[in-house]
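*Asks:* For reference, the file model23.pdb (PDB, C-alpha atoms) is included below:
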ATOM      1  CA  MET M   1     -27.711   0.185 -25.157
ATOM      2  CA  LEU M   2     -28.362   2.409 -22.175
ATOM      3  CA  ASP M   3     -24.871   1.665 -20.865
ATOM      4  CA  ARG M   4     -23.359   2.872 -24.148
ATOM      5  CA  LEU M   5     -25.441   6.038 -24.029
ATOM      6  CA  ARG M   6     -24.443   6.629 -20.415
ATOM      7  CA  GLN M   7     -20.753   6.127 -21.321
ATOM      8  CA  PHE M   8     -21.084   8.514 -24.271
ATOM      9  CA  ILE M   9     -22.556  11.215 -22.051
ATOM     10  CA  THR M  10     -19.809  10.656 -19.471
ATOM     11  CA  ASP M  11     -17.156  10.988 -22.171
ATOM     12  CA  VAL M  12     -18.684  14.226 -23.462
ATOM     13  CA  VAL M  13     -19.031  15.744 -19.980
ATOM     14  CA  SER M  14     -15.510  14.765 -18.854
ATOM     15  CA  PRO M  15     -13.104  16.862 -20.946
ATOM     16  CA  THR M  16      -9.969  15.229 -19.528
ATOM     17  CA  GLY M  17     -10.828  11.747 -20.753
ATOM     18  CA  THR M  18     -10.150  10.287 -17.309
ATOM     19  CA  ALA M  19     -13.683   8.920 -17.116
ATOM     20  CA  GLN M  20     -12.925   6.561 -19.955
ATOM     21  CA  ALA M  21      -9.497   5.418 -18.826
ATOM     22  CA  GLY M  22     -10.009   5.188 -15.070
ATOM     23  CA  PHE M  23      -7.283   5.558 -12.482
ATOM     24  CA  ALA M  24      -4.072   3.523 -12.437
ATOM     25  CA  ASP M  25      -3.653   1.070  -9.579
ATOM     26  CA  ASP M  26      -0.560   2.957  -8.372
ATOM     27  CA  ASP M  27      -2.290   6.385  -8.306
ATOM     28  CA  TYR M  28      -2.112   7.795  -4.769
ATOM     29  CA  ARG M  29      -5.584   9.308  -5.197
ATOM     30  CA  LEU M  30      -7.019   5.848  -5.752
ATOM     31  CA  ALA M  31      -5.337   4.500  -2.613
ATOM     32  CA  ALA M  32      -6.459   7.458  -0.500
ATOM     33  CA  THR M  33     -10.034   7.220  -1.767
ATOM     34  CA  ALA M  34     -10.171   3.454  -1.183
ATOM     35  CA  LEU M  35      -9.027   4.034   2.391
ATOM     36  CA  LEU M  36     -11.684   6.716   2.910
ATOM     37  CA  ILE M  37     -14.356   4.400   1.506
ATOM     38  CA  HIS M  38     -13.217   1.694   3.897
ATOM     39  CA  VAL M  39     -13.463   4.106   6.835
ATOM     40  CA  ILE M  40     -16.968   5.349   6.003
ATOM     41  CA  SER M  41     -18.077   1.736   5.478
ATOM     42  CA  LEU M  42     -16.905   0.427   8.858
ATOM     43  CA  ASP M  43     -20.319   0.850  10.464
ATOM     44  CA  GLY M  44     -22.239  -0.541   7.494
ATOM     45  CA  GLU M  45     -23.412   0.962   4.229
ATOM     46  CA  PRO M  46     -22.291   4.617   3.895
ATOM     47  CA  SER M  47     -25.115   7.101   4.285
ATOM     48  CA  ALA M  48     -26.077   9.510   1.522
ATOM     49  CA  ALA M  49     -24.552  12.359   3.548
ATOM     50  CA  GLU M  50     -21.245  10.478   3.913
ATOM     51  CA  THR M  51     -21.185   9.712   0.200
ATOM     52  CA  ARG M  52     -21.894  13.347  -0.745
ATOM     53  CA  LYS M  53     -19.198  14.581   1.641
ATOM     54  CA  LEU M  54     -16.662  12.120   0.208
ATOM     55  CA  HIS M  55     -17.517  13.186  -3.342
ATOM     56  CA  ALA M  56     -17.142  16.872  -2.447
ATOM     57  CA  LEU M  57     -13.839  16.125  -0.717
ATOM     58  CA  LEU M  58     -12.509  14.320  -3.790
ATOM     59  CA  GLU M  59     -13.474  17.210  -6.052
ATOM     60  CA  TYR M  60     -11.905  19.796  -3.738
ATOM     61  CA  ARG M  61      -8.686  18.086  -2.595
ATOM     62  CA  PHE M  62      -7.803  16.474  -5.926
ATOM     63  CA  ASN M  63      -9.178  19.321  -8.100
ATOM     64  CA  LEU M  64     -11.501  16.995 -10.042
ATOM     65  CA  ASP M  65     -14.641  17.666 -12.002
ATOM     66  CA  PRO M  66     -17.747  15.788 -10.819
ATOM     67  CA  GLY M  67     -17.518  13.129 -13.547
ATOM     68  CA  THR M  68     -13.890  12.340 -12.784
ATOM     69  CA  ALA M  69     -14.645  12.218  -9.053
ATOM     70  CA  ASP M  70     -17.365   9.653  -9.843
ATOM     71  CA  VAL M  71     -14.857   7.528 -11.750
ATOM     72  CA  LEU M  72     -12.364   7.781  -8.901
ATOM     73  CA  GLY M  73     -15.040   6.711  -6.415
ATOM     74  CA  ARG M  74     -16.076   3.784  -8.607
ATOM     75  CA  ASP M  75     -12.486   2.621  -9.086
ATOM     76  CA  ALA M  76     -11.744   3.023  -5.377
ATOM     77  CA  MET M  77     -14.799   0.955  -4.439
ATOM     78  CA  ARG M  78     -13.514  -1.821  -6.703
ATOM     79  CA  VAL M  79     -10.032  -1.649  -5.170
ATOM     80  CA  GLU M  80     -11.402  -1.528  -1.630
ATOM     81  CA  GLY M  81     -13.590  -4.559  -2.338
ATOM     82  CA  GLU M  82     -10.629  -6.495  -3.701
ATOM     83  CA  ALA M  83      -8.465  -5.607  -0.695
ATOM     84  CA  GLY M  84     -10.353  -8.106   1.475
ATOM     85  CA  ARG M  85      -8.891 -10.931  -0.570
ATOM     86  CA  LEU M  86      -5.457 -10.132   0.824
ATOM     87  CA  TYR M  87      -6.573 -11.059   4.336
ATOM     88  CA  HIS M  88      -7.691 -14.562   3.319
ATOM     89  CA  VAL M  89      -4.343 -15.715   1.911
TER      90      VAL M  89
END
What is this file in structure tokens?
*Replies:*
Amino acid sequence: MLDRLRQFITDVVSPTGTAQAGFADDDYRLAATALLIHVISLDGEPSAAETRKLHALLEYRFNLDPGTADVLGRDAMRVEGEAGRLYHV
């Protein structure tokens, strides 16, 4: 129930609707963000300062509202996590 409420609030706050749909796998912003997440994760778990800086960078460079930048970060973390599977083929 809380997840539905959280999704409802996200949908209301994000006027573009991107929060609901997510980013396509071939979106260059997703690839760039996944690469940045990989870089800030090389020395372990990203710090709060690194995460805030990345979020601010996404908002500024890609002209995103905070909710959409959150969705981009979430999608990029998923893609970056799946990228490791390519190395084990």
*Asks:* Do you have the atom CA of M:Tyr60-atom CA of M:Glu82 distance handy?
*Replies:*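 Result for atom CA of M:Tyr60 versus atom CA of M:Glu82: 26.3 Å, one decimal.
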*Asks:* Would you work out the distance separating atom CA of M:Tyr28 from atom CA of M:Phe62, expressed in Å to one decimal?
*Replies:*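 Going from atom CA of M:Tyr28 over to atom CA of M:Phe62 covers 10.4 Å.
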*Asks:* One number please: atom CA of M:Ala34 to atom CA of M:Ser47, in Å, one decimal.
*Replies:*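 Between these atoms lies a distance of 16.3 Å.
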*Asks:* In terms of the shortest atom-to-atom distance over only C-alpha atoms, which of M:Glu59, M:Asp27, M:Leu54, M:Asp75 is closest to M:Ser41?
*Replies:* M:Leu54
*Asks:* Skip M:Ile37 itself and residues of its chain fewer than 2 positions away, then list as a PyMOL selection string all residues within 9 Å of it, counting only C-alpha atoms.
*Replies:* chain M and resi 32-35+39-42+46+51+54+73+76-77+80
*Asks:* Go through M:Ala69, M:Val79, M:Ala24, M:Leu36 and flag the residue nearest M:Ala56, using all atoms listed in the file for the distances.
*Replies:* M:Ala69
*Asks:* So which one's closest to M:Arg61, M:Ala48, M:Arg29, M:Phe23, M:His38? Using only C-alpha atoms, please.
*Replies:*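 Looking at the shortest contact to M:Arg61, the residue is M:Arg29.
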*Asks:* Could the centre and edge lengths of an axis-aligned box, enclosing all atoms of stretch 37-47 of chain M in the file with 8 Å extra on each side, be given in Å to one decimal as AutoDock Vina command-line options?
*Replies:*
--center_x -19.2 --center_y 3.3 --center_z 6.0 --size_x 27.9 --size_y 23.6 --size_z 25.0
*Asks:* Nearest to M:Thr68 among M:Asp25, M:Ala31, M:His55, M:Asp43, with distances taken over all atoms listed in the file: which residue is it?
*Replies:* M:His55
